[in-house]
file start.pdb (PDB, C-alpha atoms and all ligand atoms)
ATOM      1  CA  MET A 106      25.802  13.030  -2.681  1.00  0.00           C
ATOM      2  CA  HIS A 107      23.275  10.298  -3.409  1.00  0.00           C
ATOM      3  CA  GLN A 108      22.256   9.839   0.181  1.00  0.00           C
ATOM      4  CA  GLY A 109      20.612  13.241   0.425  1.00  0.00           C
ATOM      5  CA  LYS A 110      18.474  12.562  -2.624  1.00  0.00           C
ATOM      6  CA  CYS A 111      17.427   9.199  -1.257  1.00  0.00           C
ATOM      7  CA  LEU A 112      16.372  10.750   2.050  1.00  0.00           C
ATOM      8  CA  LEU A 113      14.417  13.395   0.204  1.00  0.00           C
ATOM      9  CA  PHE A 114      12.665  10.687  -1.805  1.00  0.00           C
ATOM     10  CA  PHE A 115      11.554   8.943   1.373  1.00  0.00           C
ATOM     11  CA  ALA A 116      10.509  12.200   2.965  1.00  0.00           C
ATOM     12  CA  VAL A 117       8.165  12.859   0.033  1.00  0.00           C
ATOM     13  CA  LEU A 118       6.690   9.366   0.189  1.00  0.00           C
ATOM     14  CA  MET A 119       6.262   9.506   3.934  1.00  0.00           C
ATOM     15  CA  ALA A 120       4.522  12.866   3.702  1.00  0.00           C
ATOM     16  CA  VAL A 121       1.551  11.391   1.851  1.00  0.00           C
ATOM     17  CA  ILE A 122       0.960   8.648   4.383  1.00  0.00           C
ATOM     18  CA  PRO A 123      -0.272   8.984   7.935  1.00  0.00           C
ATOM     19  CA  ALA A 124       3.010   8.016   9.581  1.00  0.00           C
ATOM     20  CA  ALA A 125       1.962   9.369  12.950  1.00  0.00           C
ATOM     21  CA  GLN A 126      -1.000   6.975  13.131  1.00  0.00           C
ATOM     22  CA  SER A 127       1.112   3.844  12.872  1.00  0.00           C
ATOM     23  CA  GLU A 128       2.840   2.025  15.707  1.00  0.00           C
ATOM     24  CA  LEU A 129       5.304   0.495  13.257  1.00  0.00           C
ATOM     25  CA  PRO A 130       8.945   1.579  13.287  1.00  0.00           C
ATOM     26  CA  GLU A 131       9.723   4.073  10.545  1.00  0.00           C
ATOM     27  CA  VAL A 132      12.072   1.621   8.813  1.00  0.00           C
ATOM     28  CA  ARG A 133       9.239  -0.919   8.489  1.00  0.00           C
ATOM     29  CA  GLN A 134       6.894   1.783   7.203  1.00  0.00           C
ATOM     30  CA  GLN A 135       9.420   2.651   4.507  1.00  0.00           C
ATOM     31  CA  GLN A 136       9.726  -1.025   3.554  1.00  0.00           C
ATOM     32  CA  LEU A 137       5.944  -1.253   3.262  1.00  0.00           C
ATOM     33  CA  VAL A 138       5.707   1.855   1.116  1.00  0.00           C
ATOM     34  CA  HIS A 139       8.314   0.254  -1.125  1.00  0.00           C
ATOM     35  CA  LEU A 140       6.296  -2.974  -1.210  1.00  0.00           C
ATOM     36  CA  LEU A 141       3.123  -1.054  -2.065  1.00  0.00           C
ATOM     37  CA  ARG A 142       4.788   0.640  -5.039  1.00  0.00           C
ATOM     38  CA  HIS A 143       6.750  -2.346  -6.310  1.00  0.00           C
ATOM     39  CA  ASP A 144       4.934  -5.544  -5.291  1.00  0.00           C
ATOM     40  CA  CYS A 145       1.327  -4.328  -5.254  1.00  0.00           C
ATOM     41  CA  GLY A 146       2.352  -1.944  -8.034  1.00  0.00           C
ATOM     42  CA  SER A 147       3.479  -4.824 -10.259  1.00  0.00           C
ATOM     43  CA  CYS A 148      -0.223  -5.606 -10.749  1.00  0.00           C
ATOM     44  CA  HIS A 149      -1.996  -2.415  -9.710  1.00  0.00           C
ATOM     45  CA  GLY A 150       0.465  -0.055 -11.435  1.00  0.00           C
ATOM     46  CA  MET A 151       3.418   1.807  -9.867  1.00  0.00           C
ATOM     47  CA  THR A 152       1.128   4.724  -9.127  1.00  0.00           C
ATOM     48  CA  LEU A 153      -1.707   2.313  -8.224  1.00  0.00           C
ATOM     49  CA  LYS A 154      -3.836   3.594 -11.109  1.00  0.00           C
ATOM     50  CA  GLY A 155      -4.441   0.055 -12.275  1.00  0.00           C
ATOM     51  CA  GLY A 156      -2.850  -2.507 -14.572  1.00  0.00           C
ATOM     52  CA  LEU A 157      -3.584  -6.212 -14.384  1.00  0.00           C
ATOM     53  CA  GLY A 158      -5.382  -5.381 -11.125  1.00  0.00           C
ATOM     54  CA  PRO A 159      -7.811  -2.473 -10.715  1.00  0.00           C
ATOM     55  CA  SER A 160      -6.900   1.040  -9.578  1.00  0.00           C
ATOM     56  CA  LEU A 161      -6.474   1.343  -5.823  1.00  0.00           C
ATOM     57  CA  LEU A 162      -6.854   5.117  -5.744  1.00  0.00           C
ATOM     58  CA  PRO A 163      -9.602   6.709  -3.660  1.00  0.00           C
ATOM     59  CA  GLY A 164     -12.752   7.156  -5.714  1.00  0.00           C
ATOM     60  CA  GLN A 165     -11.799   4.263  -8.025  1.00  0.00           C
ATOM     61  CA  ILE A 166     -11.501   1.466  -5.528  1.00  0.00           C
ATOM     62  CA  ARG A 167     -14.725  -0.473  -4.921  1.00  0.00           C
ATOM     63  CA  SER A 168     -14.770   0.407  -1.237  1.00  0.00           C
ATOM     64  CA  SER A 169     -12.510   2.251   1.199  1.00  0.00           C
ATOM     65  CA  ASP A 170     -13.997   0.442   4.172  1.00  0.00           C
ATOM     66  CA  PRO A 171     -10.948  -0.597   6.260  1.00  0.00           C
ATOM     67  CA  ALA A 172     -12.552  -3.973   7.080  1.00  0.00           C
ATOM     68  CA  TYR A 173     -13.041  -4.710   3.370  1.00  0.00           C
ATOM     69  CA  LEU A 174      -9.466  -3.723   2.488  1.00  0.00           C
ATOM     70  CA  ARG A 175      -7.985  -5.645   5.418  1.00  0.00           C
ATOM     71  CA  GLN A 176      -9.911  -8.765   4.402  1.00  0.00           C
ATOM     72  CA  ILE A 177      -8.809  -8.588   0.758  1.00  0.00           C
ATOM     73  CA  ILE A 178      -5.146  -7.890   1.483  1.00  0.00           C
ATOM     74  CA  THR A 179      -5.022 -10.634   4.125  1.00  0.00           C
ATOM     75  CA  TYR A 180      -6.841 -13.377   2.224  1.00  0.00           C
ATOM     76  CA  GLY A 181      -6.651 -12.237  -1.402  1.00  0.00           C
ATOM     77  CA  ILE A 182      -9.522 -12.706  -3.846  1.00  0.00           C
ATOM     78  CA  PRO A 183      -9.961 -16.421  -4.554  1.00  0.00           C
ATOM     79  CA  GLY A 184     -10.248 -17.210  -8.245  1.00  0.00           C
ATOM     80  CA  SER A 185      -8.397 -14.005  -9.222  1.00  0.00           C
ATOM     81  CA  ALA A 186      -4.737 -12.961  -9.493  1.00  0.00           C
ATOM     82  CA  MET A 187      -5.012 -11.057  -6.188  1.00  0.00           C
ATOM     83  CA  PRO A 188      -2.885 -13.130  -3.786  1.00  0.00           C
ATOM     84  CA  PRO A 189      -3.245 -13.446   0.006  1.00  0.00           C
ATOM     85  CA  TRP A 190      -0.559 -11.473   1.882  1.00  0.00           C
ATOM     86  CA  GLN A 191      -0.981 -13.188   5.235  1.00  0.00           C
ATOM     87  CA  PRO A 192       2.068 -15.441   4.651  1.00  0.00           C
ATOM     88  CA  LEU A 193       4.301 -12.396   4.113  1.00  0.00           C
ATOM     89  CA  LEU A 194       2.859  -9.585   6.201  1.00  0.00           C
ATOM     90  CA  SER A 195       1.856  -9.182   9.848  1.00  0.00           C
ATOM     91  CA  ALA A 196      -1.567  -7.837  10.872  1.00  0.00           C
ATOM     92  CA  ASP A 197       0.153  -4.538  11.786  1.00  0.00           C
ATOM     93  CA  ASP A 198       1.781  -4.405   8.349  1.00  0.00           C
ATOM     94  CA  ILE A 199      -1.597  -4.911   6.696  1.00  0.00           C
ATOM     95  CA  ASP A 200      -3.247  -2.264   8.897  1.00  0.00           C
ATOM     96  CA  PHE A 201      -0.531   0.142   7.809  1.00  0.00           C
ATOM     97  CA  LEU A 202      -1.181  -0.615   4.112  1.00  0.00           C
ATOM     98  CA  VAL A 203      -4.922  -0.113   4.659  1.00  0.00           C
ATOM     99  CA  GLU A 204      -4.320   3.276   6.334  1.00  0.00           C
ATOM    100  CA  THR A 205      -1.950   4.239   3.541  1.00  0.00           C
ATOM    101  CA  LEU A 206      -4.438   3.317   0.793  1.00  0.00           C
ATOM    102  CA  ILE A 207      -7.261   5.205   2.502  1.00  0.00           C
ATOM    103  CA  HIS A 208      -5.154   8.347   2.799  1.00  0.00           C
ATOM    104  CA  LEU A 209      -3.534   8.318  -0.633  1.00  0.00           C
ATOM    105  CA  PRO A 210      -4.038  11.581  -2.456  1.00  0.00           C
ATOM    106  CA  ALA A 211      -6.806  11.183  -5.025  1.00  0.00           C
ATOM    107  CA  GLU A 212      -5.751  11.527  -8.624  1.00  0.00           C
ATOM    108  CA  THR A 213      -5.751  15.134  -9.684  1.00  0.00           C
ATOM    109  CA  ASP A 214      -6.039  14.933 -13.454  1.00  0.00           C
TER     110      ASP A 214
HETATM  111  C1  LIG B 301      -0.397 -10.802  -8.992  1.00  0.00           C
HETATM  112  C2  LIG B 301      -1.142  -9.569  -9.151  1.00  0.00           C
HETATM  113  C3  LIG B 301      -1.530  -8.781  -7.902  1.00  0.00           C
HETATM  114  C4  LIG B 301      -0.726  -8.371  -6.858  1.00  0.00           C
HETATM  115  C5  LIG B 301       0.769  -8.613  -6.672  1.00  0.00           C
HETATM  116  C6  LIG B 301      -1.579  -7.608  -5.967  1.00  0.00           C
HETATM  117  N1  LIG B 301      -2.859  -7.568  -6.453  1.00  0.00           N
HETATM  118 FE1  LIG B 301      -4.471  -6.679  -5.569  1.00  0.00          FE
HETATM  119  N2  LIG B 301      -5.699  -7.345  -7.048  1.00  0.00           N
HETATM  120  C7  LIG B 301      -5.280  -8.048  -8.179  1.00  0.00           C
HETATM  121  C8  LIG B 301      -6.443  -8.314  -9.016  1.00  0.00           C
HETATM  122  C9  LIG B 301      -6.418  -9.028 -10.356  1.00  0.00           C
HETATM  123  C10 LIG B 301      -7.578  -7.757  -8.358  1.00  0.00           C
HETATM  124  C11 LIG B 301      -9.036  -7.783  -8.820  1.00  0.00           C
HETATM  125  C12 LIG B 301      -9.620  -9.137  -8.515  1.00  0.00           C
HETATM  126  C13 LIG B 301     -11.107  -9.219  -8.791  1.00  0.00           C
HETATM  127  O1  LIG B 301     -11.844  -8.359  -8.270  1.00  0.00           O
HETATM  128  O2  LIG B 301     -11.487 -10.124  -9.499  1.00  0.00           O
HETATM  129  C14 LIG B 301      -7.058  -7.174  -7.123  1.00  0.00           C
HETATM  130  C15 LIG B 301      -7.852  -6.505  -6.194  1.00  0.00           C
HETATM  131  C16 LIG B 301      -7.377  -5.817  -5.096  1.00  0.00           C
HETATM  132  C17 LIG B 301      -8.180  -5.020  -4.205  1.00  0.00           C
HETATM  133  C18 LIG B 301      -9.684  -4.785  -4.323  1.00  0.00           C
HETATM  134  C19 LIG B 301      -9.920  -3.555  -5.188  1.00  0.00           C
HETATM  135  C20 LIG B 301     -11.377  -3.180  -5.272  1.00  0.00           C
HETATM  136  O3  LIG B 301     -11.659  -2.129  -5.879  1.00  0.00           O
HETATM  137  O4  LIG B 301     -12.212  -3.900  -4.764  1.00  0.00           O
HETATM  138  C21 LIG B 301      -7.345  -4.496  -3.272  1.00  0.00           C
HETATM  139  C22 LIG B 301      -7.722  -3.565  -2.117  1.00  0.00           C
HETATM  140  C23 LIG B 301      -6.012  -4.953  -3.576  1.00  0.00           C
HETATM  141  N3  LIG B 301      -6.060  -5.762  -4.689  1.00  0.00           N
HETATM  142  C24 LIG B 301      -4.886  -4.588  -2.854  1.00  0.00           C
HETATM  143  C25 LIG B 301      -3.609  -5.082  -3.094  1.00  0.00           C
HETATM  144  C26 LIG B 301      -2.460  -4.779  -2.285  1.00  0.00           C
HETATM  145  C27 LIG B 301      -2.454  -3.827  -1.088  1.00  0.00           C
HETATM  146  C28 LIG B 301      -1.415  -5.467  -2.794  1.00  0.00           C
HETATM  147  C29 LIG B 301       0.015  -5.558  -2.267  1.00  0.00           C
HETATM  148  C30 LIG B 301       0.161  -5.921  -0.860  1.00  0.00           C
HETATM  149  C31 LIG B 301      -1.908  -6.190  -3.971  1.00  0.00           C
HETATM  150  N4  LIG B 301      -3.247  -5.930  -4.120  1.00  0.00           N
HETATM  151  C32 LIG B 301      -1.129  -6.993  -4.797  1.00  0.00           C
HETATM  152  C33 LIG B 301      -3.987  -8.436  -8.462  1.00  0.00           C
HETATM  153  C34 LIG B 301      -2.875  -8.267  -7.633  1.00  0.00           C
END
call {"tool": "encode", "arguments": {"input": "start.pdb", "output": "structure tokens"}}
result
Amino acid sequence: MHQGKCLLFFAVLMAVIPAAQSELPEVRQQQLVHLLRHDCGSCHGMTLKGGLGPSLLPGQIRSSDPAYLRQIITYGIPGSAMPPWQPLLSADDIDFLVETLIHLPAETD
């Protein structure tokens, strides 16, 4: 049964993010986690350790100030490959990504 495995996969992902702190429906949260891994991950690495873009893991990111992260995700970084996400994501979506980034488990190795 593939469905069980898929649910387990989401359960693991959702466990590392502060689901209870978000007002967003769980389905939207799952979509955003997917976006973080695949869309943000296409530049920042699937595990967000860095690639074309820098690592987004705690301790490696320049700042974990929510206002800083919200600003960058909303407007991008002009003159760099970091695009603005305002055309695609709502303010609530971006707040959720910020919360998720802040609470990601730090790298253990
Ligand atoms: C097309 C490639 C690309 C995509 C897609 C992308 N980024 Fe970036 N991002 C970059 C680059 C390159 C930088 C570094 C720019 C610089 O500082 O000159 C950056 C920087 C950042 C920073 C600042 C990091 C720091 O330490 O200051 C954050 C936060 C960030 N990105 C979050 C995201 C999130 C969240 C997403 C998905 C919603 C995303 N990025 C998608 C390329 C990308």
call {"tool": "resolve_selection", "arguments": {"input": "start.pdb", "expression": "the PyMOL selection byres (((chain A and resi 197) around 12) and not hetatm)", "output": "list in words"}}
result
Gln126, Ser127, Glu128, Leu129, Pro130, Arg133, Gln134, Leu137, Arg175, Thr179, Gln191, Leu193, Leu194, Ser195, Ala196, Asp198, Ile199, Asp200, Phe201, Leu202, Val203 and Glu204 of chain A
call {"tool": "closest_residue", "arguments": {"input": "start.pdb", "among": "A:Leu141, A:Leu157, A:Leu206, A:Ala186", "to": "Pro171 (chain A)", "atoms": "all atoms listed in the file"}}
result
A:Leu206
call {"tool": "residues_around", "arguments": {"input": "start.pdb", "residues": "Leu161 (chain A)", "least_positions_apart": "2", "cutoff": "12 Å", "atoms": "all atoms listed in the file", "output": "ChimeraX atom specification"}}
result
/A:141-142,145-146,148-159,163-169,174,178,202-203,205-212
call {"tool": "closest_residue", "arguments": {"input": "start.pdb", "among": "A:Leu162, A:Leu140, A:Ala172, A:Met187", "to": "ligand LIG 301 (chain B)", "atoms": "only C-alpha atoms and all ligand atoms"}}
result
A:Met187
call {"tool": "closest_residue", "arguments": {"input": "start.pdb", "among": "A:Gln136, A:Asp170, A:Pro192, A:Ile177", "to": "ligand LIG 301 (chain B)", "atoms": "all atoms listed in the file"}}
result
A:Ile177
call {"tool": "atom_distance", "arguments": {"input": "start.pdb", "atom1": "atom C30 of ligand LIG 301 (chain B)", "atom2": "CA of Ser185 (chain A)"}}
result
14.4 Å
call {"tool": "atom_distance", "arguments": {"input": "start.pdb", "atom1": "atom C8 of ligand LIG 301 (chain B)", "atom2": "CA of Ser160 (chain A)"}}
result
9.4 Å
call {"tool": "atom_distance", "arguments": {"input": "start.pdb", "atom1": "atom C17 of ligand LIG 301 (chain B)", "atom2": "CA of Val138 (chain A)"}}
result
16.4 Å
call {"tool": "axis_aligned_box", "arguments": {"input": "start.pdb", "around": "region 183-198 of chain A", "padding_each_side": "6 Å", "output": "JSON"}}
result
{"center_x": -3.0, "center_y": -10.8, "center_z": 1.1, "size_x": 26.5, "size_y": 24.8, "size_z": 33.3}
